[in-house]
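Quick look at query.pdb (PDB, C-alpha atoms and all ligand atoms):
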ATOM      1  CA  MET U   3      30.883  71.404 170.540  1.00  0.00           C
ATOM      2  CA  HIS U   4      32.791  73.007 167.672  1.00  0.00           C
ATOM      3  CA  GLU U   5      30.850  76.264 167.954  1.00  0.00           C
ATOM      4  CA  MET U   6      31.929  76.843 171.567  1.00  0.00           C
ATOM      5  CA  GLY U   7      35.560  77.202 170.479  1.00  0.00           C
ATOM      6  CA  ILE U   8      34.612  79.506 167.632  1.00  0.00           C
ATOM      7  CA  VAL U   9      32.527  81.764 169.859  1.00  0.00           C
ATOM      8  CA  GLN U  10      35.284  81.762 172.490  1.00  0.00           C
ATOM      9  CA  SER U  11      37.797  83.153 169.972  1.00  0.00           C
ATOM     10  CA  ILE U  12      35.261  85.625 168.627  1.00  0.00           C
ATOM     11  CA  LEU U  13      34.582  86.939 172.124  1.00  0.00           C
ATOM     12  CA  GLU U  14      38.316  87.401 172.728  1.00  0.00           C
ATOM     13  CA  ILE U  15      38.579  89.554 169.607  1.00  0.00           C
ATOM     14  CA  VAL U  16      35.393  91.449 170.520  1.00  0.00           C
ATOM     15  CA  GLU U  17      36.771  92.268 173.988  1.00  0.00           C
ATOM     16  CA  GLN U  18      40.092  93.447 172.547  1.00  0.00           C
ATOM     17  CA  GLN U  19      38.326  95.642 170.023  1.00  0.00           C
ATOM     18  CA  ALA U  20      35.959  97.043 172.625  1.00  0.00           C
ATOM     19  CA  LYS U  21      38.896  97.938 174.867  1.00  0.00           C
ATOM     20  CA  LEU U  22      40.703  99.532 171.956  1.00  0.00           C
ATOM     21  CA  HIS U  23      37.713 101.785 171.332  1.00  0.00           C
ATOM     22  CA  GLU U  24      37.164 102.389 175.039  1.00  0.00           C
ATOM     23  CA  ALA U  25      33.663 101.028 174.727  1.00  0.00           C
ATOM     24  CA  GLU U  26      31.613 100.204 177.799  1.00  0.00           C
ATOM     25  CA  LYS U  27      29.271  97.841 176.121  1.00  0.00           C
ATOM     26  CA  VAL U  28      28.975  95.842 172.944  1.00  0.00           C
ATOM     27  CA  VAL U  29      25.406  96.073 171.649  1.00  0.00           C
ATOM     28  CA  GLY U  30      25.612  94.377 168.283  1.00  0.00           C
ATOM     29  CA  ILE U  31      27.842  91.890 166.496  1.00  0.00           C
ATOM     30  CA  LYS U  32      27.570  90.805 162.899  1.00  0.00           C
ATOM     31  CA  LEU U  33      29.312  87.540 162.098  1.00  0.00           C
ATOM     32  CA  GLU U  34      29.983  85.968 158.742  1.00  0.00           C
ATOM     33  CA  PHE U  35      30.600  82.277 158.170  1.00  0.00           C
ATOM     34  CA  GLY U  36      31.282  80.484 154.917  1.00  0.00           C
ATOM     35  CA  ALA U  37      28.564  77.995 154.017  1.00  0.00           C
ATOM     36  CA  LEU U  38      31.165  75.218 153.805  1.00  0.00           C
ATOM     37  CA  THR U  39      32.324  75.738 157.392  1.00  0.00           C
ATOM     38  CA  GLY U  40      29.170  73.867 158.405  1.00  0.00           C
ATOM     39  CA  VAL U  41      28.643  76.285 161.268  1.00  0.00           C
ATOM     40  CA  MET U  42      25.089  76.167 162.613  1.00  0.00           C
ATOM     41  CA  PRO U  43      23.681  79.619 163.477  1.00  0.00           C
ATOM     42  CA  ALA U  44      21.525  78.139 166.266  1.00  0.00           C
ATOM     43  CA  SER U  45      24.607  76.624 167.928  1.00  0.00           C
ATOM     44  CA  ILE U  46      26.476  79.923 167.608  1.00  0.00           C
ATOM     45  CA  ASP U  47      23.532  81.707 169.245  1.00  0.00           C
ATOM     46  CA  PHE U  48      23.510  79.213 172.077  1.00  0.00           C
ATOM     47  CA  ALA U  49      27.283  79.287 172.616  1.00  0.00           C
ATOM     48  CA  PHE U  50      27.230  83.082 172.558  1.00  0.00           C
ATOM     49  CA  GLU U  51      24.507  83.274 175.170  1.00  0.00           C
ATOM     50  CA  VAL U  52      26.442  80.965 177.499  1.00  0.00           C
ATOM     51  CA  LEU U  53      29.924  82.389 176.948  1.00  0.00           C
ATOM     52  CA  SER U  54      29.100  86.096 176.835  1.00  0.00           C
ATOM     53  CA  LYS U  55      27.538  86.062 180.327  1.00  0.00           C
ATOM     54  CA  GLY U  56      29.241  88.547 182.608  1.00  0.00           C
ATOM     55  CA  GLY U  57      31.373  89.939 179.785  1.00  0.00           C
ATOM     56  CA  ILE U  58      31.260  93.159 177.835  1.00  0.00           C
ATOM     57  CA  ALA U  59      29.186  91.560 175.078  1.00  0.00           C
ATOM     58  CA  GLU U  60      26.461  90.136 177.301  1.00  0.00           C
ATOM     59  CA  GLY U  61      23.047  90.815 175.777  1.00  0.00           C
ATOM     60  CA  ALA U  62      24.472  92.030 172.464  1.00  0.00           C
ATOM     61  CA  GLY U  63      22.375  91.391 169.383  1.00  0.00           C
ATOM     62  CA  LEU U  64      23.895  88.734 167.163  1.00  0.00           C
ATOM     63  CA  ASN U  65      23.455  88.877 163.423  1.00  0.00           C
ATOM     64  CA  ILE U  66      24.768  85.712 161.814  1.00  0.00           C
ATOM     65  CA  VAL U  67      25.243  85.719 158.068  1.00  0.00           C
ATOM     66  CA  ILE U  68      26.116  82.607 156.103  1.00  0.00           C
ATOM     67  CA  VAL U  69      28.246  83.490 153.086  1.00  0.00           C
ATOM     68  CA  PRO U  70      27.002  81.494 150.075  1.00  0.00           C
ATOM     69  CA  ILE U  71      29.367  79.296 148.098  1.00  0.00           C
ATOM     70  CA  LYS U  72      30.652  81.153 145.062  1.00  0.00           C
ATOM     71  CA  VAL U  73      32.846  79.420 142.513  1.00  0.00           C
ATOM     72  CA  PHE U  74      34.683  80.467 139.383  1.00  0.00           C
ATOM     73  CA  CYS U  75      34.615  78.078 136.437  1.00  0.00           C
ATOM     74  CA  PHE U  76      37.788  78.160 134.357  1.00  0.00           C
ATOM     75  CA  ASP U  77      36.025  76.591 131.388  1.00  0.00           C
ATOM     76  CA  CYS U  78      33.061  78.909 130.979  1.00  0.00           C
ATOM     77  CA  SER U  79      34.743  81.836 132.790  1.00  0.00           C
ATOM     78  CA  LYS U  80      31.730  82.483 134.959  1.00  0.00           C
ATOM     79  CA  GLU U  81      31.219  83.172 138.625  1.00  0.00           C
ATOM     80  CA  ILE U  82      28.435  80.997 139.956  1.00  0.00           C
ATOM     81  CA  VAL U  83      26.712  80.935 143.334  1.00  0.00           C
ATOM     82  CA  LEU U  84      25.916  77.395 144.410  1.00  0.00           C
ATOM     83  CA  GLU U  85      22.934  76.624 146.598  1.00  0.00           C
ATOM     84  CA  HIS U  86      24.620  73.389 147.649  1.00  0.00           C
ATOM     85  CA  TYR U  87      28.220  72.513 147.107  1.00  0.00           C
ATOM     86  CA  GLN U  88      29.015  70.394 144.069  1.00  0.00           C
ATOM     87  CA  PRO U  89      32.439  69.607 142.613  1.00  0.00           C
ATOM     88  CA  THR U  90      31.468  70.374 139.017  1.00  0.00           C
ATOM     89  CA  CYS U  91      30.177  73.446 137.179  1.00  0.00           C
ATOM     90  CA  PRO U  92      26.341  73.531 137.005  1.00  0.00           C
ATOM     91  CA  ILE U  93      26.555  75.179 133.573  1.00  0.00           C
ATOM     92  CA  CYS U  94      29.200  73.219 131.653  1.00  0.00           C
ATOM     93  CA  ASP U  95      29.918  70.296 134.004  1.00  0.00           C
ATOM     94  CA  SER U  96      33.616  71.153 134.179  1.00  0.00           C
ATOM     95  CA  ALA U  97      35.579  70.177 137.273  1.00  0.00           C
ATOM     96  CA  ALA U  98      37.939  73.130 136.867  1.00  0.00           C
ATOM     97  CA  LEU U  99      36.400  75.175 139.641  1.00  0.00           C
ATOM     98  CA  LYS U 100      37.897  77.522 142.120  1.00  0.00           C
ATOM     99  CA  ILE U 101      36.022  78.404 145.292  1.00  0.00           C
ATOM    100  CA  LEU U 102      35.960  82.186 145.641  1.00  0.00           C
ATOM    101  CA  GLU U 103      33.736  82.621 148.673  1.00  0.00           C
ATOM    102  CA  GLY U 104      31.832  80.592 151.199  1.00  0.00           C
ATOM    103  CA  ARG U 105      34.574  78.173 152.173  1.00  0.00           C
ATOM    104  CA  ASP U 106      36.394  79.092 155.357  1.00  0.00           C
ATOM    105  CA  GLU U 107      35.258  82.598 156.243  1.00  0.00           C
ATOM    106  CA  MET U 108      34.805  83.164 159.950  1.00  0.00           C
ATOM    107  CA  ARG U 109      34.845  86.827 160.658  1.00  0.00           C
ATOM    108  CA  ILE U 110      33.400  89.667 162.627  1.00  0.00           C
ATOM    109  CA  ALA U 111      31.881  91.868 159.957  1.00  0.00           C
ATOM    110  CA  GLU U 112      30.558  94.560 162.267  1.00  0.00           C
ATOM    111  CA  LEU U 113      30.798  95.547 165.874  1.00  0.00           C
ATOM    112  CA  VAL U 114      28.446  98.069 167.441  1.00  0.00           C
ATOM    113  CA  VAL U 115      29.634  99.510 170.733  1.00  0.00           C
ATOM    114  CA  GLU U 116      28.468 102.118 173.205  1.00  0.00           C
TER     115      GLU U 116
HETATM  116 ZN    ZN G 201      31.540  76.013 133.621  1.00  0.00          ZN
END
For the file at hand, write its structure as structure tokens.
Ligand SMILES: [Zn+2]
Amino acid sequence: MHEMGIVQSILEIVEQQAKLHEAEKVVGIKLEFGALTGVMPASIDFAFEVLSKGGIAEGAGLNIVIVPIKVFCFDCSKEIVLEHYQPTCPICDSAALKILEGRDEMRIAELVVE
């Protein structure tokens, strides 16, 4: 499962950060994933529950945020948020789009420690 590897790397970063801040426990983690990564929040939840057992982040509250797809259209010079990905501009039908957000983000947005 793809998500297992993702959560594994996230937990490594979380443990490093926790150590850095001399934290005893991680109580909350906010994660952000780009919509186009195809990451399923339910699978992340599951992988986290399995992999965090016995570690500093066991029992931490997970807040998973999917970053919507935002594109810039070079023809109508607008920033548009797309509900579902499409290769052309929903306003002018141009294919001159640049993806600004929602593509490959995978980050820890917030870490709450005690
Ligand atoms: Zn356009």
Contacts to ligand ZN 201 (chain G) at 7 Å cut-off (all atoms listed in the file) as a list of chain:residue names: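 These are the residues that qualify: U:Cys75, U:Phe76, U:Asp77, U:Cys78, U:Ser79, U:Lys80, U:Cys91, U:Pro92, U:Ile93, U:Cys94, U:Asp95, U:Ser96.
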Kindly list the centre and edge lengths in Å, rounded to one decimal, for the axis-aligned box that covers all listed atoms of stretch 12-18 of chain U plus 4 Å on each of its six sides, as AutoDock Vina command-line options.
--center_x 37.3 --center_y 89.5 --center_z 171.3 --size_x 13.5 --size_y 15.8 --size_z 13.4
Selection: 12 Å around U:Ser54, all atoms listed in the file, excl. self and same-chain fewer than 5 positions, as a list in words: Met6, Val9, Gln10, Ser11, Ile12, Leu13, Glu14, Val16, Glu17, Lys27, Val28, Val29, Ile31, Ile46, Asp47, Phe48, Ala49, Ala59, Glu60, Gly61, Ala62, Gly63 and Leu64 of chain U
Two-atom distance - atom CA of U:Glu51, atom CA of U:Gly7 (Å): 13.5 Å
Atom CA of U:Val41 to atom CA of U:Glu103, straight-line distance in Å: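 Going from atom CA of U:Glu103 over to atom CA of U:Val41 covers 15.0 Å.
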For U:Ala20, the nearest of the candidates U:Leu102, U:Ile58, U:Leu38, U:Ile68, counting only C-alpha atoms: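 Residue with the minimum atom-to-atom distance to U:Ala20: U:Ile58.
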Close residues, U:Arg105 itself excluded, 12 Å, only C-alpha atoms, min 2 positions apart in chain, as number ranges by chain: U: 34-41, 68-73, 84, 86-87, 100-103, 107-108
Separation of atom CA of U:Pro89 from atom CA of U:Ser45 in Å: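 One can read the atom CA of U:Ser45 to atom CA of U:Pro89 distance as 27.4 Å.
Those residues returned by the PyMOL selection byres (((chain U and resi 112) around 6) and not hetatm) for this file are Ile31, Lys32, Ile110, Ala111 and Leu113 of chain U.
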Proximity to U:Glu24 - best of U:Ile66, U:Glu116, U:Ile82, U:Gly104, all atoms listed in the file: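 Among the listed residues, U:Glu116 lies closest to U:Glu24.
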Best match for closeness to U:Ile8 among U:Glu81, U:Lys21, U:Arg109, U:Ala98, counting only C-alpha atoms: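 With only C-alpha atoms as the atom set, the closest residue is U:Arg109.
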For U:Phe50, the nearest of the candidates U:Val67, U:Val83, U:Glu5, U:Phe74, counting all atoms listed in the file: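 Checking each of U:Val67, U:Val83, U:Glu5, U:Phe74 against U:Phe50, counting all atoms listed in the file, the winner is U:Glu5.
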